[in-house]
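*Asks:* Have a peek at upload20.tsv (TSV, C-alpha atoms and all ligand atoms).
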```
chain	number	residue	atom	x	y	z
R	142	MET	CA	82.08	87.98	78.86
R	143	MET	CA	83.47	91.36	79.77
R	144	PRO	CA	83.69	93.95	77.03
R	145	GLN	CA	87.28	94.02	75.88
R	146	ALA	CA	89.15	97.21	76.59
R	147	GLN	CA	91.24	98.66	73.80
R	148	LEU	CA	94.57	97.46	74.99
R	149	GLN	CA	97.85	96.60	73.44
R	150	THR	CA	98.78	92.97	73.79
R	151	VAL	CA	102.14	92.70	75.43
R	152	GLY	CA	103.36	89.30	74.21
R	153	ALA	CA	103.78	85.98	75.87
R	154	SER	CA	107.35	86.15	77.02
R	155	ALA	CA	108.98	88.39	79.58
R	156	PRO	CA	106.61	91.30	79.07
R	157	ALA	CA	107.71	94.73	80.14
R	158	VAL	CA	105.38	97.41	81.43
R	159	PRO	CA	104.71	99.80	78.58
R	160	GLU	CA	106.02	103.33	78.92
R	161	GLN	CA	103.68	106.02	80.25
R	162	PRO	CA	100.89	106.46	79.42
R	163	CYS	CA	99.59	102.91	79.61
R	164	ALA	CA	99.16	100.91	76.46
R	165	GLY	CA	96.46	102.20	74.14
R	166	GLY	CA	96.54	105.58	75.86
R	167	GLU	CA	94.45	104.20	78.72
R	168	ALA	CA	95.08	105.65	82.14
R	169	CYS	CA	96.71	103.34	84.67
R	170	GLU	CA	95.16	102.69	88.03
R	171	LEU	CA	98.07	100.58	89.17
R	172	ARG	CA	101.53	100.29	87.73
R	173	VAL	CA	104.15	97.94	89.10
R	174	ASP	CA	107.71	97.90	87.85
R	175	GLY	CA	110.51	95.54	88.85
R	176	LEU	CA	108.87	94.28	92.03
R	177	ARG	CA	111.11	92.03	94.11
R	178	LYS	CA	110.42	90.25	97.37
R	179	SER	CA	112.12	87.56	99.43
R	180	PHE	CA	111.08	86.30	102.82
R	181	GLY	CA	114.06	85.75	105.10
R	182	LYS	CA	116.66	83.55	103.51
R	183	ASN	CA	114.12	81.76	101.33
R	184	ARG	CA	114.27	81.97	97.55
R	185	ALA	CA	113.06	85.16	95.95
R	186	VAL	CA	109.27	85.01	95.75
R	187	LEU	CA	109.00	87.93	93.31
R	188	GLN	CA	111.83	88.35	90.83
R	189	GLY	CA	111.19	91.61	89.03
R	190	VAL	CA	107.43	91.58	88.48
R	191	SER	CA	106.08	94.31	86.19
R	192	PHE	CA	102.52	94.90	85.09
R	193	ALA	CA	99.92	97.64	84.74
R	194	VAL	CA	96.19	97.66	85.40
R	195	HIS	CA	94.29	100.16	83.30
R	196	ARG	CA	91.30	102.17	84.39
R	197	ARG	CA	88.01	100.23	84.16
R	198	GLU	CA	89.84	97.06	83.24
R	199	ALA	CA	89.31	93.63	84.79
R	200	VAL	CA	92.61	91.77	85.09
R	201	ALA	CA	93.03	88.16	86.23
R	202	LEU	CA	96.28	86.98	87.79
R	203	ILE	CA	96.80	83.24	87.52
R	204	GLY	CA	99.59	80.85	88.49
R	205	SER	CA	100.07	77.66	90.43
R	206	ASN	CA	100.28	77.38	94.21
R	207	GLY	CA	103.24	79.31	95.53
R	208	ALA	CA	103.84	81.21	92.28
R	209	GLY	CA	103.67	84.46	94.24
R	210	LYS	CA	100.23	85.83	93.30
R	211	SER	CA	99.15	86.91	96.79
R	212	THR	CA	102.58	88.32	97.50
R	213	ALA	CA	102.46	90.27	94.24
R	214	LEU	CA	99.06	91.78	95.12
R	215	ARG	CA	100.14	92.64	98.63
R	216	CYS	CA	103.48	94.12	97.58
R	217	ALA	CA	101.87	96.06	94.73
R	218	LEU	CA	99.79	97.93	97.29
R	219	ARG	CA	102.43	97.91	100.00
R	220	LEU	CA	100.33	95.83	102.36
R	221	VAL	CA	103.61	93.93	102.47
R	222	GLU	CA	106.74	96.01	101.86
R	223	PRO	CA	108.57	94.94	98.70
R	224	ASP	CA	112.38	94.75	98.66
R	225	ALA	CA	112.60	96.65	95.37
R	226	GLY	CA	110.46	98.03	92.60
R	227	SER	CA	108.44	101.13	91.85
R	228	LEU	CA	104.70	101.47	92.37
R	229	THR	CA	102.17	103.96	91.05
R	230	LEU	CA	98.61	103.93	92.31
R	231	PHE	CA	95.99	106.28	90.84
R	232	ASP	CA	98.72	108.33	89.16
R	233	GLU	CA	100.64	108.84	92.39
R	234	ASP	CA	104.03	107.32	93.10
R	235	ILE	CA	103.55	105.32	96.29
R	236	THR	CA	106.96	103.62	96.25
R	237	SER	CA	108.12	105.51	99.27
R	238	ALA	CA	104.96	107.33	100.33
R	239	LYS	CA	104.72	107.86	104.08
R	240	ALA	CA	102.24	105.67	105.97
R	241	ARG	CA	99.57	108.33	106.32
R	242	ARG	CA	99.68	109.36	102.66
R	243	LEU	CA	99.73	105.71	101.61
R	244	ARG	CA	96.63	104.95	103.69
R	245	HIS	CA	94.89	107.94	102.14
R	246	ILE	CA	95.59	106.83	98.57
R	247	ARG	CA	94.90	103.20	99.32
R	248	ALA	CA	91.51	104.08	100.81
R	249	GLU	CA	90.24	104.06	97.21
R	250	VAL	CA	91.09	100.37	96.87
R	251	GLY	CA	88.57	97.84	98.13
R	252	PHE	CA	90.03	94.51	99.22
R	253	VAL	CA	88.26	91.17	99.04
R	254	PHE	CA	90.06	88.03	100.20
R	255	GLN	CA	89.33	84.32	100.00
R	256	LYS	CA	88.52	84.34	103.67
R	257	HIS	CA	86.10	87.20	103.89
R	258	ASN	CA	87.32	88.25	107.36
R	259	LEU	CA	83.94	89.44	108.58
R	260	VAL	CA	83.53	90.12	112.29
R	261	PRO	CA	81.47	87.03	113.18
R	262	ARG	CA	79.31	88.18	116.06
R	263	VAL	CA	78.02	91.40	114.60
R	264	SER	CA	75.45	91.99	111.88
R	265	ALA	CA	76.09	92.07	108.17
R	266	LEU	CA	75.19	95.77	108.27
R	267	THR	CA	77.79	96.57	110.95
R	268	ASN	CA	80.42	94.68	108.99
R	269	VAL	CA	79.64	96.81	105.95
R	270	ILE	CA	79.78	100.00	108.00
R	271	HIS	CA	83.31	98.98	109.03
R	272	GLY	CA	84.26	99.36	105.36
R	273	ASN	CA	84.13	103.09	105.84
R	274	LEU	CA	86.74	103.12	108.56
R	275	GLY	CA	89.63	103.33	106.10
R	276	ARG	CA	88.25	106.58	104.71
R	277	ALA	CA	87.08	107.93	108.06
R	278	GLY	CA	90.46	107.20	109.67
R	279	GLY	CA	88.94	105.03	112.38
R	280	ILE	CA	85.91	105.12	114.62
R	281	ARG	CA	86.08	108.70	115.76
R	282	GLY	CA	83.48	109.35	118.39
R	283	TRP	CA	80.95	106.71	117.40
R	284	SER	CA	80.59	103.11	118.39
R	285	GLN	CA	79.60	100.53	115.84
R	286	ALA	CA	76.14	100.33	117.41
R	287	PHE	CA	75.61	104.05	116.94
R	288	ALA	CA	77.12	104.76	113.56
R	289	PRO	CA	75.82	108.00	112.08
R	290	SER	CA	72.60	107.52	110.14
R	291	HIS	CA	74.17	108.53	106.82
R	292	LEU	CA	76.69	105.70	107.18
R	293	ARG	CA	73.96	103.21	108.06
R	294	GLU	CA	71.99	104.33	105.00
R	295	ARG	CA	75.04	103.99	102.76
R	296	ALA	CA	75.79	100.56	104.18
R	297	MET	CA	72.21	99.48	103.45
R	298	ALA	CA	72.59	100.76	99.90
R	299	CYS	CA	75.80	98.70	99.52
R	300	LEU	CA	74.01	95.62	100.80
R	301	GLU	CA	71.23	96.27	98.30
R	302	ARG	CA	73.80	96.43	95.51
R	303	VAL	CA	74.98	92.93	96.37
R	304	GLY	CA	71.42	91.66	96.79
R	305	LEU	CA	71.53	91.19	100.55
R	306	ALA	CA	69.47	94.02	102.01
R	307	ASP	CA	67.15	91.44	103.59
R	308	GLN	CA	70.09	89.92	105.51
R	309	ALA	CA	71.29	93.20	107.01
R	310	ARG	CA	70.44	92.30	110.60
R	311	LYS	CA	71.72	88.74	110.44
R	312	ARG	CA	74.91	87.99	112.31
R	313	ALA	CA	77.84	87.42	110.01
R	314	ASP	CA	78.48	83.94	111.40
R	315	GLN	CA	74.96	82.90	110.35
R	316	LEU	CA	75.48	83.73	106.68
R	317	SER	CA	76.40	81.19	104.00
R	318	GLY	CA	79.85	81.34	102.40
R	319	GLY	CA	78.48	83.02	99.28
R	320	GLN	CA	76.49	85.53	101.31
R	321	SER	CA	79.54	86.28	103.46
R	322	GLN	CA	81.63	86.98	100.39
R	323	ARG	CA	78.95	89.30	99.05
R	324	VAL	CA	78.90	91.13	102.39
R	325	ALA	CA	82.69	91.44	102.07
R	326	ILE	CA	82.16	93.00	98.63
R	327	ALA	CA	79.54	95.36	100.09
R	328	ARG	CA	82.08	96.30	102.75
R	329	ALA	CA	84.60	97.07	100.00
R	330	LEU	CA	81.97	99.13	98.14
R	331	MET	CA	81.41	101.18	101.27
R	332	GLN	CA	84.79	102.77	100.49
R	333	ASP	CA	83.46	103.90	97.12
R	334	PRO	CA	86.53	102.28	95.57
R	335	LYS	CA	88.05	103.10	92.21
R	336	MET	CA	89.56	99.64	92.18
R	337	ILE	CA	88.82	96.30	93.84
R	338	VAL	CA	91.65	93.87	94.48
R	339	ALA	CA	90.36	90.37	95.13
R	340	ASP	CA	92.63	87.50	96.15
R	341	GLU	CA	90.99	84.20	95.22
R	342	PRO	CA	87.57	85.60	96.03
R	343	VAL	CA	85.63	82.47	95.13
R	344	ALA	CA	88.13	79.72	95.97
R	345	SER	CA	86.18	78.57	99.01
R	346	LEU	CA	82.72	78.79	97.42
R	347	ASP	CA	80.69	76.16	95.60
R	348	PRO	CA	80.43	76.66	91.81
R	349	VAL	CA	77.02	78.36	91.93
R	350	ALA	CA	77.91	80.78	94.72
R	351	GLY	CA	81.28	81.38	93.06
R	352	GLN	CA	79.63	82.31	89.79
R	353	GLU	CA	77.21	84.64	91.58
R	354	VAL	CA	80.13	86.46	93.17
R	355	MET	CA	82.02	86.70	89.85
R	356	ASP	CA	78.84	87.93	88.13
R	357	LEU	CA	78.61	90.59	90.79
R	358	PHE	CA	82.19	91.71	90.11
R	359	HIS	CA	81.38	91.76	86.40
R	360	GLN	CA	78.38	94.00	87.06
R	361	LEU	CA	80.46	96.36	89.20
R	362	THR	CA	83.20	96.69	86.59
R	363	ARG	CA	80.84	97.01	83.62
R	364	GLU	CA	78.11	99.18	85.14
R	365	GLU	CA	80.06	101.20	87.65
R	366	GLY	CA	83.45	101.35	86.01
R	367	ILE	CA	85.30	99.91	88.98
R	368	THR	CA	88.69	98.50	88.02
R	369	LEU	CA	89.23	94.89	89.10
R	370	LEU	CA	92.38	92.89	89.77
R	371	PHE	CA	91.72	89.34	90.93
R	372	THR	CA	93.57	86.07	91.35
R	373	SER	CA	92.11	82.72	90.40
R	374	HIS	CA	93.06	79.09	89.86
R	375	ASN	CA	90.09	78.56	87.59
R	376	VAL	CA	91.37	79.29	84.09
R	377	GLN	CA	87.94	79.40	82.49
R	378	GLN	CA	86.73	81.83	85.12
R	379	ALA	CA	89.85	83.94	84.66
R	380	LEU	CA	89.09	84.15	80.93
R	381	ASP	CA	85.36	84.73	81.30
R	382	TYR	CA	85.62	87.53	83.80
R	383	SER	CA	88.66	89.45	82.67
R	384	ASP	CA	89.76	91.73	79.87
R	385	ARG	CA	93.35	90.62	80.31
R	386	VAL	CA	95.19	87.76	81.96
R	387	LEU	CA	98.58	87.84	83.66
R	388	ALA	CA	100.33	84.56	84.50
R	389	LEU	CA	102.92	84.37	87.21
R	390	LYS	CA	105.46	81.57	87.35
R	391	GLN	CA	108.17	81.29	89.97
R	392	GLY	CA	107.88	84.95	90.79
R	393	ALA	CA	107.94	86.31	87.23
R	394	ILE	CA	105.21	87.37	84.81
R	395	VAL	CA	105.31	84.93	81.90
R	396	LEU	CA	102.13	85.98	80.12
R	397	ASP	CA	100.28	89.28	79.74
R	398	GLN	CA	97.59	89.09	77.06
R	399	ARG	CA	94.05	90.05	76.29
R	400	SER	CA	91.61	87.36	77.32
R	401	ALA	CA	89.96	87.45	73.90
R	402	ASN	CA	93.22	86.12	72.41
R	403	LEU	CA	93.52	83.22	74.83
R	404	SER	CA	91.95	79.82	75.40
R	405	ALA	CA	91.66	77.79	78.58
R	406	ALA	CA	94.27	75.45	77.08
R	407	ASP	CA	96.70	78.38	76.69
R	408	LEU	CA	96.29	79.19	80.36
R	409	GLY	CA	96.36	75.55	81.44
R	410	LYS	CA	99.97	75.35	80.22
R	411	HIS	CA	100.97	77.63	83.05
R	412	TYR	CA	99.82	75.00	85.52
R	413	GLY	CA	101.96	72.28	83.92
C	1	LIG	N1	104.84	86.10	105.13
C	1	LIG	C1	105.54	85.14	104.53
C	1	LIG	N2	106.63	84.62	105.11
C	1	LIG	C2	107.38	83.67	104.50
C	1	LIG	N3	107.09	83.15	103.30
C	1	LIG	C3	106.00	83.62	102.67
C	1	LIG	C4	105.16	84.63	103.25
C	1	LIG	N4	104.16	84.90	102.37
C	1	LIG	C5	104.34	84.09	101.31
C	1	LIG	N5	105.43	83.33	101.49
C	1	LIG	C6	105.97	82.34	100.55
C	1	LIG	O1	105.97	82.94	99.28
C	1	LIG	C7	105.66	81.98	98.28
C	1	LIG	C8	104.53	82.53	97.43
C	1	LIG	O2	103.36	82.60	98.23
C	1	LIG	P1	102.04	83.28	97.69
C	1	LIG	O3	101.00	83.10	98.75
C	1	LIG	O4	102.33	84.63	97.22
C	1	LIG	O5	101.71	82.38	96.44
C	1	LIG	P2	100.34	82.20	95.65
C	1	LIG	O6	100.70	82.16	94.21
C	1	LIG	O7	99.36	83.21	96.06
C	1	LIG	O8	99.92	80.76	96.14
C	1	LIG	P3	98.47	80.12	96.33
C	1	LIG	O9	97.87	79.97	94.97
C	1	LIG	O10	98.76	78.80	96.96
C	1	LIG	O11	97.68	81.02	97.23
C	1	LIG	C9	105.31	80.69	99.01
C	1	LIG	O12	106.44	79.85	98.96
C	1	LIG	C10	105.03	81.15	100.41
C	1	LIG	O13	105.36	80.15	101.34
```
The structure in this file should be written as structure tokens.
*Replies:*
Amino acid sequence: MMPQAQLQTVGASAPAVPEQPCAGGEACELRVDGLRKSFGKNRAVLQGVSFAVHRREAVALIGSNGAGKSTALRCALRLVEPDAGSLTLFDEDITSAKARRLRHIRAEVGFVFQKHNLVPRVSALTNVIHGNLGRAGGIRGWSQAFAPSHLRERAMACLERVGLADQARKRADQLSGGQSQRVAIARALMQDPKMIVADEPVASLDPVAGQEVMDLFHQLTREEGITLLFTSHNVQQALDYSDRVLALKQGAIVLDQRSANLSAADLGKHYG
């Protein structure tokens, strides 16, 4: 279990984001207030979503299929533009930040998705080196085969951190699902992120590989102080690997509580 951060419990119904500073005096890495999003003429997917993720905290976002979890993550970081709401990332208001500034701030967020999105025909090492592109602003003057030696060394160090240094030269499409996801985490680490945002990172893995990946996240948050926001359909996993759980239902946050105060049965209700 993760060590529990000293946080204020917000209550089970219609929680509001606490006023600055974040609850318990903790600094916020991400603060989302009144987020709204609709796609075309469809029903509103997000209907005023508000939450905060505190520094060094691991937060799980749960909710049934179509509840809006992925949309909430994407809108919170403006990977998808929200229709309304205010957003603060690393103490900077990004609600209407210009693209270049937004990219700069967002470079400190590492993303890990269910589908790891590795480039299949190149090595694990090259895929990890690509993780630096966000910070470097693109491949300026070097091809992936001739990345500067300091980047290759850093990428090897990231692979070592996820236990895959011995697979560095293997092509990505020859790795197992669990290995691929760990390479995706190494790629995120290449950015030296303050926060990792992971959308169903273990949904396509078998239970053993899934636990290995979650254990790795746990290690990164506990030992390296990286903040984690992840989505999951596995309520036990959400409890075991988070300090706090948010539940989303029909585009609204219906629960925001410390994991220590919750049981799997409590969370199961949100899948009813
Ligand atoms: N780009 C898009 N265009 C149109 N509709 C979208 C788009 N992205 C998401 N939606 C719709 O928004 C709703 C919420 O989707 P979202 O993927 O955020 O839910 P989720 O909670 O992550 O679901 P799941 O657990 O199945 O991944 C769904 O009805 C989905 O069809």
*Asks:* Go through the chains and note each residue within 9 Å of ligand LIG 1 (chain C), using all atoms listed in the file, then give the set as an NGL selection string.
*Replies:* :R and (178-181 or 183-187 or 203-215 or 221 or 340-341 or 372-374 or 389-392)
*Asks:* How many Å lie between CA of Arg262 (chain R) and CA of Val349 (chain R), rounded to one decimal?
*Replies:*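 Distance reported for this atom pair: 26.2 Å.
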*Asks:* So how many Å separate CA of Lys256 (chain R) and CA of Arg293 (chain R), to one decimal?
*Replies:*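 Between CA of Lys256 (chain R) and CA of Arg293 (chain R) the gap works out to 24.2 Å.
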*Asks:* Within 10 Å of (89.2, 104.4, 97.8), in the coordinates the file gives, what residues turn up when you count all atoms listed in the file, written out as a list of chain:residue names?
*Replies:* R:Phe231, R:Arg244, R:His245, R:Ile246, R:Arg247, R:Ala248, R:Glu249, R:Val250, R:Gly251, R:Asn273, R:Gly275, R:Arg276, R:Ala329, R:Leu330, R:Met331, R:Gln332, R:Asp333, R:Pro334, R:Lys335, R:Met336, R:Ile337
*Asks:* So which residues fall inside 12 Å of (91.4, 77.3, 83.0) if we count all atoms listed in the file? Mind giving them as a VMD selection string?
*Replies:* chain R and resid 201 to 205 373 to 382 386 388 400 403 to 413
*Asks:* Quick one: of R:Arg323, R:Arg177, R:Arg310, R:Arg242, who's nearest to Val190 (chain R), counting only C-alpha atoms?
*Replies:*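 Going through R:Arg323, R:Arg177, R:Arg310, R:Arg242 one by one, the smallest distance to Val190 (chain R) is for R:Arg177.
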*Asks:* Take CA of Gly318 (chain R) and CA of Val303 (chain R) and report the distance between them in Å, one decimal.
*Replies:*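 Distance between the two atoms: 13.9 Å.
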*Asks:* Of the residues R:Ala199, R:Ala193, R:Leu369, R:Ala327, which is the one nearest to Ala168 (chain R), using all atoms listed in the file?
*Replies:* R:Ala193
*Asks:* Which is closest to Lys239 (chain R) among R:Arg172, R:Met355, R:Arg219, R:Leu387, if we use all atoms listed in the file?
*Replies:*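 Checking each candidate against Lys239 (chain R), we get R:Arg219 as the closest.
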*Asks:* Pick out the closest residue to Val263 (chain R) from this set: R:Arg328, R:Arg385, R:Arg196, R:Lys311. Count all atoms listed in the file.
*Replies:*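 Nearest to Val263 (chain R): R:Lys311.
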*Asks:* Restricting the calculation to all atoms listed in the file, which member of R:Gln315, R:Ala217, R:Glu198, R:Glu294 is positioned closest to Gly175 (chain R)?
*Replies:*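 Smallest separation from Gly175 (chain R) among the options: R:Ala217.
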*Asks:* Go through R:Pro342, R:Arg302, R:Asp234, R:Ala325 and flag the residue nearest Glu364 (chain R), using all atoms listed in the file for the distances.
*Replies:* R:Arg302
*Asks:* Taking all atoms of region 392-399 of chain R that the file lists and extending 5 Å past them on each side, where is the centre of the axis-aligned box and how long are its edges? Answer in Å to one decimal, as AutoDock Vina command-line options.
*Replies:*
```
--center_x 101.0 --center_y 87.5 --center_z 83.5 --size_x 23.9 --size_y 15.1 --size_z 24.5
```
*Asks:* Please identify all polymer residues within 7 Å of Ala296 (chain R), counting all atoms listed in the file, omitting same-chain residues fewer than 2 positions from it, and present them as an mmCIF file with C-alpha atoms, in the coordinates of the input.
*Replies:*
```
data_model
loop_
_atom_site.group_PDB
_atom_site.id
_atom_site.type_symbol
_atom_site.label_atom_id
_atom_site.label_comp_id
_atom_site.auth_asym_id
_atom_site.auth_seq_id
_atom_site.Cartn_x
_atom_site.Cartn_y
_atom_site.Cartn_z
ATOM 1 C CA LEU R 266 75.190 95.770 108.270
ATOM 2 C CA VAL R 269 79.640 96.810 105.950
ATOM 3 C CA ILE R 270 79.780 100.000 108.000
ATOM 4 C CA LEU R 292 76.690 105.700 107.180
ATOM 5 C CA ARG R 293 73.960 103.210 108.060
ATOM 6 C CA GLU R 294 71.990 104.330 105.000
ATOM 7 C CA ALA R 298 72.590 100.760 99.900
ATOM 8 C CA CYS R 299 75.800 98.700 99.520
ATOM 9 C CA LEU R 300 74.010 95.620 100.800
ATOM 10 C CA MET R 331 81.410 101.180 101.270
#
```
*Asks:* Taking the structure in the block just given, could you write region 221-289 of chain R with C-alpha atoms, as a compact mmCIF listing (two decimals), in the first residue's frame?
*Replies:*
```
# COMPACT_ATOMS: atom_id res chain seq x y z
CA VAL R 221 -8.24 17.75 -25.95
CA GLU R 222 -9.58 21.30 -25.62
CA PRO R 223 -12.32 21.55 -22.98
CA ASP R 224 -15.40 23.70 -23.61
CA ALA R 225 -15.15 25.34 -20.19
CA GLY R 226 -13.26 25.15 -16.94
CA SER R 227 -10.02 26.40 -15.47
CA LEU R 228 -6.80 24.42 -15.29
CA THR R 229 -3.64 24.88 -13.26
CA LEU R 230 -0.61 22.70 -13.88
CA PHE R 231 2.50 23.00 -11.70
CA ASP R 232 1.23 26.28 -10.26
CA GLU R 233 0.72 27.85 -13.68
CA ASP R 234 -2.67 28.68 -15.14
CA ILE R 235 -2.80 26.79 -18.44
CA THR R 236 -6.46 27.50 -19.19
CA SER R 237 -5.61 29.71 -22.10
CA ALA R 238 -1.85 29.25 -22.36
CA LYS R 239 -0.55 29.53 -25.91
CA ALA R 240 0.49 26.29 -27.62
CA ARG R 241 4.22 26.80 -27.18
CA ARG R 242 3.95 27.68 -23.49
CA LEU R 243 1.54 24.80 -22.94
CA ARG R 244 3.95 22.33 -24.54
CA HIS R 245 6.74 23.66 -22.35
CA ILE R 246 4.78 23.20 -19.11
CA ARG R 247 3.34 19.88 -20.21
CA ALA R 248 6.81 18.54 -20.97
CA GLU R 249 7.02 17.76 -17.25
CA VAL R 250 4.12 15.33 -17.52
CA GLY R 251 4.86 11.79 -18.65
CA PHE R 252 1.98 10.02 -20.40
CA VAL R 253 1.36 6.28 -20.35
CA PHE R 254 -1.64 4.87 -22.19
CA GLN R 255 -3.31 1.47 -22.35
CA LYS R 256 -1.88 1.00 -25.80
CA HIS R 257 1.74 1.82 -25.24
CA ASN R 258 2.14 3.39 -28.70
CA LEU R 259 5.74 2.31 -29.17
CA VAL R 260 7.25 2.60 -32.63
CA PRO R 261 7.22 -1.10 -33.55
CA ARG R 262 10.20 -1.49 -35.85
CA VAL R 263 12.79 0.30 -33.79
CA SER R 264 14.56 -0.78 -30.63
CA ALA R 265 13.32 -0.33 -27.09
CA LEU R 266 16.22 2.07 -26.57
CA THR R 267 15.24 4.28 -29.52
CA ASN R 268 11.65 4.36 -28.29
CA VAL R 269 12.87 5.58 -24.92
CA ILE R 270 15.09 8.21 -26.54
CA HIS R 271 11.95 9.53 -28.26
CA GLY R 272 10.65 10.40 -24.79
CA ASN R 273 13.05 13.30 -24.76
CA LEU R 274 11.61 14.90 -27.86
CA GLY R 275 8.96 16.81 -25.91
CA ARG R 276 11.66 18.57 -23.90
CA ALA R 277 14.08 18.94 -26.81
CA GLY R 278 11.36 20.40 -29.04
CA GLY R 279 11.85 17.75 -31.72
CA ILE R 280 14.73 16.00 -33.39
CA ARG R 281 16.95 18.95 -34.06
CA GLY R 282 19.92 17.91 -36.10
CA TRP R 283 20.12 14.28 -35.05
CA SER R 284 18.50 11.19 -36.42
CA GLN R 285 17.20 8.53 -34.09
CA ALA R 286 20.12 6.29 -35.06
CA PHE R 287 22.62 8.93 -34.04
CA ALA R 288 21.14 10.41 -30.90
CA PRO R 289 23.75 12.21 -28.81
```
